[in-house]
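First comes the structure, then the notes that go with it.
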Amino acid sequence: MDFIGAYAPAHLKFLLEGFAVTLEVAFISILFSFAIGIVIGVLRYSRIPFVSHILAIGVETIRNLPLLLIIFFTYFALPEVGFKLDKFYAAILALVIFESAMLSEIVRSGLNSIEKGQIEAARSSGLTYTQTLWHIVLPQALRRMVPPIVGQFISLLKDTSLAVVIALPELMNHAQIINGRNVNYVIPIFLLVAIMYFIVNYSLSLISRRLEHKHL
Amino acid sequence: MLNYSILIEHWDMYMQGFANTLKASVLALIGSLAIGTVMAVFRIAPVRPLNWIGAAYVEFIRNIPLILIVFVFFVGLPAIGIRFDSFTAGTLGLTVYTAAFIAEVIRAGILAVPKGQMEAARSSGLTYLQAMWYIILPQAVKIVIPPMGNQFINLVKNSSVLGVIAGLDLMYFGDLISSETFVTFDVYIFVAMFYLLLTIPLSLGVGALERRLARSR
């Protein structure tokens, strides 16, 4: 094991560059998934006939598939049907598809956790269904959803590493490139990479725990 | 229309991958139940250093990617002379990773058993370990079955990382078949169907159990 060689400044810089891509991909993906997840969650909660059934099938299918398979699909299979994406966008598309399904379930159970009496009260004071949803149910549900959403973001950050299979230049990919130079770097590099993921994810989980205590 | 001849011609490969995916998931489940139970008991045992070990394991492993752990077994340990074949390395990685989540599930289950149970058991002369084994854990089992089912679903899905290290699972054979046939789309649709064959019944089962448990409360 060669800790000094492994932690050469050039390597550290290279790893940080990879981590920046990891964070960027995770951040872009969570933004889109959150928006799509809310729409799907609300539509399923509203029990619109047909639409909610189709969405239910879609969400359950995606949730029951491995993310790795979806990444393979967006990068290797979509070009076959004439839809070619760059690594970066293929990774983001796969993550958005997968995480939207996950987040929509968080949104739906958040909405379901709001007592029915609130909706009845809002409706009987003259609000329309959409107004009730927007002004009464969603704001309260969103607050309850914060801890599981942060948890999902942690998963997303970890899952970004799966894009190593399509050689997206994120943290795991950069780690593997350094490891390829000298076998004595492998363990020190993995240790450092693990610590990098740990610091970010553990801080997020501490924030999430804080929020949980505040709101419940 | 999907090209079903691919599925028929490569049926044996799909089946081999399917069997290995199932095998890796079941082996990792057994391993992570063992490690997870030990870590959960460590976290709540009245011995400070054990609490730290349990907490350190769970918090560290939960916050790093699975693929990193699998790589540690597949390329990290061989670098210091400890070698595994790819299937074993993948299954060990899955076990170490899943154990952290299972430890949390079991811990929540144990904490859900009323405190008086432990006190009563201890005051009737059982040691801490006896009370844990004969009184607390059997009661905790009922509570943890649905979340454990969810962990098993995750395990089946996560076992796809074996494909990254040529671990002979469904993903690996999917890769192999698509490089033989030069078809990707259809090959992976079939791979997806095999995963769903495992995960959808599990999800439905867990859902039913959850509803039953909610009603019995």
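Lettering and numbering for the structure tokens are positional, with chains as A, B, ... in the shown order, residues counted from 1 in each chain, and ligands counted from 1 in the shown order.
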
Quick one: which chain A residues come within 10 Å of chain B, and what is the nearest atom pair for each with the distance in Å to one decimal, counting only C-alpha atoms, rows ordered by chain and ascending number, as JSON lines?
{"residue": "A:Met1", "atom": "CA", "partner": "B:Ile80", "partner_atom": "CA", "distance": 7.9}
{"residue": "A:Glu60", "atom": "CA", "partner": "B:Ile200", "partner_atom": "CA", "distance": 8.0}
{"residue": "A:Thr61", "atom": "CA", "partner": "B:Leu196", "partner_atom": "CA", "distance": 7.4}
{"residue": "A:Ile62", "atom": "CA", "partner": "B:Leu196", "partner_atom": "CA", "distance": 9.4}
{"residue": "A:Arg63", "atom": "CA", "partner": "B:Thr199", "partner_atom": "CA", "distance": 9.2}
{"residue": "A:Asn64", "atom": "CA", "partner": "B:Thr199", "partner_atom": "CA", "distance": 5.6}
{"residue": "A:Leu65", "atom": "CA", "partner": "B:Lys157", "partner_atom": "CA", "distance": 6.2}
{"residue": "A:Pro66", "atom": "CA", "partner": "B:Lys157", "partner_atom": "CA", "distance": 4.4}
{"residue": "A:Leu67", "atom": "CA", "partner": "B:Lys157", "partner_atom": "CA", "distance": 7.7}
{"residue": "A:Leu68", "atom": "CA", "partner": "B:Ser160", "partner_atom": "CA", "distance": 6.7}
{"residue": "A:Leu69", "atom": "CA", "partner": "B:Met171", "partner_atom": "CA", "distance": 7.3}
{"residue": "A:Ile70", "atom": "CA", "partner": "B:Ala192", "partner_atom": "CA", "distance": 9.0}
{"residue": "A:Phe72", "atom": "CA", "partner": "B:Tyr188", "partner_atom": "CA", "distance": 8.3}
{"residue": "A:Phe73", "atom": "CA", "partner": "B:Tyr188", "partner_atom": "CA", "distance": 7.1}
{"residue": "A:Thr74", "atom": "CA", "partner": "B:Phe185", "partner_atom": "CA", "distance": 9.6}
{"residue": "A:Phe76", "atom": "CA", "partner": "B:Thr184", "partner_atom": "CA", "distance": 6.6}
{"residue": "A:Ala77", "atom": "CA", "partner": "B:Phe185", "partner_atom": "CA", "distance": 4.4}
{"residue": "A:Leu78", "atom": "CA", "partner": "B:Phe185", "partner_atom": "CA", "distance": 7.0}
{"residue": "A:Pro79", "atom": "CA", "partner": "B:Phe185", "partner_atom": "CA", "distance": 8.8}
{"residue": "A:Glu80", "atom": "CA", "partner": "B:Phe185", "partner_atom": "CA", "distance": 6.7}
{"residue": "A:Val81", "atom": "CA", "partner": "B:Phe185", "partner_atom": "CA", "distance": 7.9}
{"residue": "A:Ile154", "atom": "CA", "partner": "B:Asn63", "partner_atom": "CA", "distance": 7.5}
{"residue": "A:Ser155", "atom": "CA", "partner": "B:Pro65", "partner_atom": "CA", "distance": 8.3}
{"residue": "A:Leu156", "atom": "CA", "partner": "B:Pro65", "partner_atom": "CA", "distance": 9.7}
{"residue": "A:Leu157", "atom": "CA", "partner": "B:Pro65", "partner_atom": "CA", "distance": 8.2}
{"residue": "A:Lys158", "atom": "CA", "partner": "B:Pro65", "partner_atom": "CA", "distance": 4.6}
{"residue": "A:Asp159", "atom": "CA", "partner": "B:Pro65", "partner_atom": "CA", "distance": 6.6}
{"residue": "A:Thr160", "atom": "CA", "partner": "B:Pro65", "partner_atom": "CA", "distance": 8.6}
{"residue": "A:Ser161", "atom": "CA", "partner": "B:Pro65", "partner_atom": "CA", "distance": 6.8}
{"residue": "A:Leu162", "atom": "CA", "partner": "B:Ile67", "partner_atom": "CA", "distance": 6.9}
{"residue": "A:Val164", "atom": "CA", "partner": "B:Val164", "partner_atom": "CA", "distance": 8.9}
{"residue": "A:Val165", "atom": "CA", "partner": "B:Val164", "partner_atom": "CA", "distance": 6.7}
{"residue": "A:Met172", "atom": "CA", "partner": "B:Leu68", "partner_atom": "CA", "distance": 7.5}
{"residue": "A:Ala175", "atom": "CA", "partner": "B:Leu68", "partner_atom": "CA", "distance": 9.9}
{"residue": "A:Gln176", "atom": "CA", "partner": "B:Phe71", "partner_atom": "CA", "distance": 9.4}
{"residue": "A:Asn179", "atom": "CA", "partner": "B:Val75", "partner_atom": "CA", "distance": 9.0}
{"residue": "A:Asn182", "atom": "CA", "partner": "B:Ala79", "partner_atom": "CA", "distance": 9.8}
{"residue": "A:Val183", "atom": "CA", "partner": "B:Ala79", "partner_atom": "CA", "distance": 6.0}
{"residue": "A:Asn184", "atom": "CA", "partner": "B:Ala79", "partner_atom": "CA", "distance": 6.8}
{"residue": "A:Tyr185", "atom": "CA", "partner": "B:Ala79", "partner_atom": "CA", "distance": 8.8}
{"residue": "A:Val186", "atom": "CA", "partner": "B:Gly76", "partner_atom": "CA", "distance": 5.7}
{"residue": "A:Ile187", "atom": "CA", "partner": "B:Gly76", "partner_atom": "CA", "distance": 5.4}
{"residue": "A:Pro188", "atom": "CA", "partner": "B:Gly76", "partner_atom": "CA", "distance": 9.1}
{"residue": "A:Ile189", "atom": "CA", "partner": "B:Gly76", "partner_atom": "CA", "distance": 9.3}
{"residue": "A:Phe190", "atom": "CA", "partner": "B:Val72", "partner_atom": "CA", "distance": 7.1}
{"residue": "A:Leu191", "atom": "CA", "partner": "B:Val72", "partner_atom": "CA", "distance": 9.2}
{"residue": "A:Val193", "atom": "CA", "partner": "B:Leu68", "partner_atom": "CA", "distance": 8.4}
{"residue": "A:Ala194", "atom": "CA", "partner": "B:Ile64", "partner_atom": "CA", "distance": 5.9}
{"residue": "A:Ile195", "atom": "CA", "partner": "B:Ile64", "partner_atom": "CA", "distance": 8.1}
{"residue": "A:Met196", "atom": "CA", "partner": "B:Ile64", "partner_atom": "CA", "distance": 8.7}
{"residue": "A:Tyr197", "atom": "CA", "partner": "B:Ile64", "partner_atom": "CA", "distance": 5.6}
{"residue": "A:Phe198", "atom": "CA", "partner": "B:Asn63", "partner_atom": "CA", "distance": 5.1}
{"residue": "A:Ile199", "atom": "CA", "partner": "B:Asn63", "partner_atom": "CA", "distance": 8.3}
{"residue": "A:Val200", "atom": "CA", "partner": "B:Asn63", "partner_atom": "CA", "distance": 8.5}
{"residue": "A:Asn201", "atom": "CA", "partner": "B:Asn63", "partner_atom": "CA", "distance": 5.5}
{"residue": "A:Tyr202", "atom": "CA", "partner": "B:Asn63", "partner_atom": "CA", "distance": 6.2}
{"residue": "A:Ser203", "atom": "CA", "partner": "B:Asn63", "partner_atom": "CA", "distance": 9.7}
{"residue": "A:Leu204", "atom": "CA", "partner": "B:Asn63", "partner_atom": "CA", "distance": 9.7}
{"residue": "A:Ser205", "atom": "CA", "partner": "B:Asn63", "partner_atom": "CA", "distance": 8.8}

Next on the checklist: Taking only stretch 89-207 of chain B into account, list the residues labelled alpha helix (DSSP H) by DSSP (computed from the backbone), as a PyMOL selection string.
Outcome noted: chain B and resi 89-112+115-123+128-130+137-158+170-181+185-207

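Among the candidates A:Ile166, A:Ala90, A:Leu43, A:Ile71, the one nearest to A:Leu111 when counting only C-alpha atoms is A:Leu43.
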
Next on the checklist: Rounded to one decimal, what separation in Å do you get between atom CA of B:Gly31 and atom CA of B:Ser86?
Outcome noted: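 Interatomic distance, atom CA of B:Gly31 to atom CA of B:Ser86: 17.2 Å.
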
Next on the checklist: Could you list, as a ChimeraX atom specification, every residue within 12 Å of A:Ala8, counting only C-alpha atoms and ignoring same-chain residues fewer than 4 positions away?
Outcome noted: /A:2-4,12-15,178,185,188-189

Item to check | atom CA of B:Met118 to atom CA of B:Pro49, distance in Å rounded to a single decimal | outcome: 21.1 Å

Checklist entry - Quick one, how far is atom CA of B:Pro46 from atom CA of B:Met132? => result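 Going from atom CA of B:Pro46 over to atom CA of B:Met132, I get 12.0 Å.
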